[in-house]
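Working notes, structure below.
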Amino acid sequence: MAAAASSSGGVRIRDPEEVRRRRAAPWTSLGVDGADGEEEAAARARTMARECDVYVGHGGDAWRMAAWLRAELELLGVPCVAANRRRCGDAPAHAAARGAMDAAVVGVVLVTPETLRNPHAVEEVRAFLDRGALVPVFVGVTRGDLVADDVVAGRGDLWEKYGGHLWMVYDGPEEEWREAVEGLARAEPAVEVRVGDLRDRVLDVLEILGARLGRRAMAPAVRAWRAEADLEIPFPWNTGFVGREKELLDLESMLRGGARAHDKASGKRPMHPSGAVFDEWPFLDGVVCVSGASGAGKTELALEFAHRHRHEYKKVLWVHGEARYLRQSYLKLADHLGIAVGDSFVQSTGRRAAARSLHDIEGDAIAKINKELARDIPYLVVIDNLESETDWWDRRAVVGELLPRGCRRTRVIVTTRLAGGLPGVRTLALGGLDASNAMRLMTGARALREDDAAVLREIQETVGGVPLGLALVGAMLSEVAVGPAELRAAMRRAPHRAPTWEARDDAALRDNPGLVRLLDACLALLGREAEAGGLEEVALRLLEASSFFAPAPIPAAMLVDAARAAAAVETPWKRLKRTVRLPCASSRAPSFAGGAEQAALATLLRLGVARRSTREGCVSVHGVFRLFGHKAGSGRAARAVVDAVSAAAAAAQGRSAADDHTWAACLSVFRFDAASAGVELPAPELARFVTGSVLPLASRCLAGHSACAAALELLREATDGVFEAEERYVGGGGAPRRSSSNGGGAYVELDPKVYRELARARAELLVARARVMMRAGERTVAEDHCQSAIDILEVVCGDWHPATLGVREFLEQEVLVQTMNGVEPITA
């Protein structure tokens, strides 16, 4: 434990991170937070000296950028050595580094002010200058500063800043030093790194190296990384962000493994319940949990941090933490990391994959993602709105499996409503805004009278100081012709919808009647405007429809169509026409009129109830507003959302753009953990939903991301749902009734086509489950599923139908052959 005497004579307990920074002061404010072990670089140099294409020398403190460049080049297949020769521990390490220099085709030297006093760095600059292979990267210094005469004579910016220390410490031949400095000043190409553009400059260096090495594949890869930069954060930068500056500093400090910024300034450290003070806690490095109630601004804080610091990371990876979507969303990080985690579940004759436990398959996929995050390439992972410490599908611990461990560069931010945060993770509890910032959030740039300020303070107390409600108040005062007193009066008239709330509902609304009254009052004030034309009703339908979509950004055309369809109960003919029309609609502009819905959505966007996404044509709605719409709505939106998602999935033709919302539709149609399904589809539509949405979704989850638990559960629930629908249809629950010709009463007339569609859908589900069971080694279960599917297909299609023959062939050549060979099954 390091301690230092303070100016007041007390003892100040320093954080280990602070001690490390004092030993080696950072060369620039680019978020560098530690020192890399040069022994590792020397070891790499020993093994790669003979095949080194790029040598990265970092004679100063630019170890973070050097490690990042080395990892990127290795990922692109370019042999690379990065080393600080001053810190090589022995003569063999020096010799290996020198051998890598001689073998390298290109030499990258990270030039910092410290470089000019390092004889090894000066030697590297001169060696690569002589060969015409130097690519200097200036960090914390510009080429205009490098004038040898100015530094030696005590002039120029470098002299003023460092007092000639660089030249005096160098202690080498002046001629060689002048040659290196003047060569750096005129070197081409060169890259200058400034505060706020680290990622772009790393990509520039990679492009230059690709051209110098003649590796054509590097340029498209860099262009692809640049193209994805605008879409990596789901929402644009919030220009109206207010307050939370102290929390942002705390978050940055805690991500780097230290105490909060204000705790460090006051000499405080967290204390154990016994009263002892420890230097280190058993916390995951680089992981911070931001906890707080709904509407407290957790996501806004994470967004602000991501936008401010995105240049320090190669990518910002956003994960939806809602319980039902967390595992799939985390596995989809593989697409952004450029790694393959899928597994071949669809077996065919010929080469067979070894049987493995489904738990192991999914665990290996997560391990691949975490291994990629553990490289020297920095990523920022944001897990937003984590609902539970355990997974919803199989009750496994989230912290123990999903959160990456041992990451030296990657940082993870978790936002959650869980009061105690997560075990083993540093927690930043987010409270309410202070009085001045709360008033700024409500007033914006408007000048208010003293009585208006008193009214706003009363409204603030009524809504419990929830920042989300305060922001809505400010938006109403800015966008709608209403004053603070009128808004307060509307809130007093609005009823609290107490009978609609349940114990499992979010406490932000359930236990905050003032916030509910504010939402009711806002809708009422919107509805009174003459030009709005019933805007209150339409806006409420939009909020209700958004509650049945996934938490991912929603295509605006799909949301508007679902809200329009939920206006009234549709006839089958109207629903058919809308379903046919929707696939032709663009995600940017719906092909139907929908004028009222589009106007209401535009109003919600202006008020901040809905927000635009960086994904073109998509919007998102906060969970508090979604819950309010779900509770206050008519109850007809769920079916409309399922229809809209089903039509969009059919139009996608196998693409996974709407997978999150297809999952939401499946959760509405099938029971899962609920007593009954929320949406009951007629028999023909259920069969089409299974074949057009459920089976492709399960296949993509398995083959694309190895999401075994969720996909297998979906297939099981869909099988049970189709079987129940089939029984209801055959039993007369879903078939039309007609009167008999002899007056003997009504009889049930079954449509053979509808029955065949239901039966074939169930057979396809059974075959899909059989293939998964074969991959897991459960051959007995797979044989039962195949035999059941064959029995169904023989009835509805015939013995010699291609579908029947295909399942029978799979049973005979894949299942029975391996069973007869005596292969022991394993537990799935």
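If you're wondering about the labels, chains in the structure tokens are A, B, ... by order shown, residues count from 1 in each chain, ligands from 1 in order shown.
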key: Arg375 in chain A surroundings by only C-alpha atoms, 9 Å radius, close-in-sequence under 4 positions cut, as a ChimeraX atom specification   = /A:68,71,371,407-410
query = A:Leu714, A:Ala647, A:Leu793, A:Leu76: which is nearest Arg215 in chain A, counting only C-alpha atoms?
reply =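 The answer is A:Leu76, which sits nearest to Arg215 in chain A.
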Which residues, written as a PDB file with C-alpha atoms, in the first residue's frame, have at least one atom at most 9 Å from Leu519 in chain A, with only C-alpha atoms counted and residues fewer than 3 positions away on the same chain left out?
```pdb
ATOM      1  CA  GLY A 469     -39.673  12.857 -16.542  1.00  0.00           C
ATOM      2  CA  LEU A 472     -40.192  15.248 -20.929  1.00  0.00           C
ATOM      3  CA  MET A 491     -51.245  16.625 -14.221  1.00  0.00           C
ATOM      4  CA  ALA A 494     -54.959  13.180 -14.890  1.00  0.00           C
ATOM      5  CA  GLY A 514     -46.601  11.539 -10.411  1.00  0.00           C
ATOM      6  CA  LEU A 515     -44.711  10.241 -13.444  1.00  0.00           C
ATOM      7  CA  VAL A 516     -47.809   8.387 -14.665  1.00  0.00           C
ATOM      8  CA  CYS A 522     -48.792  15.068 -21.986  1.00  0.00           C
ATOM      9  CA  LEU A 523     -51.040  12.856 -24.102  1.00  0.00           C
ATOM     10  CA  ALA A 524     -54.102  14.881 -23.115  1.00  0.00           C
ATOM     11  CA  PHE A 625     -42.830   4.758 -22.155  1.00  0.00           C
ATOM     12  CA  PHE A 628     -46.989   2.924 -20.033  1.00  0.00           C
TER      13      PHE A 628
END
```
inquiry  = Please report the interatomic distance between CA of Arg131 in chain A and CA of Asp90 in chain A in Å with one decimal.
reply    = 27.0 Å
task = For CA of Arg504 in chain A and CA of Ala632 in chain A, determine how far apart the two atoms are, in Å to one decimal place.
result = 16.3 Å
Please identify all polymer residues within 9 Å of Glu680 in chain A, counting only C-alpha atoms, omitting same-chain residues fewer than 4 positions from it, and present them as a CSV table (one decimal) with C-alpha atoms, in the first residue's frame.
```
chain,number,residue,atom,x,y,z
A,639,ARG,CA,-51.6,-9.2,-32.9
A,668,SER,CA,-46.0,-13.3,-28.0
A,669,VAL,CA,-47.3,-16.3,-30.0
A,670,PHE,CA,-46.0,-19.2,-27.9
A,686,LEU,CA,-49.9,-20.1,-37.5
```
request  = Tell me, as an NGL selection string, which residues lie within 9 Å of Thr299 in chain A, counting only C-alpha atoms; anything in the same chain fewer than 6 positions away does not count.
outcome  = :A and (290 or 384-385 or 415)
request  = Could you check how far CA of Ile790 in chain A sits from CA of Cys708 in chain A, in Å to one decimal?
outcome  =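 Pair CA of Ile790 in chain A / CA of Cys708 in chain A returns 24.7 Å.
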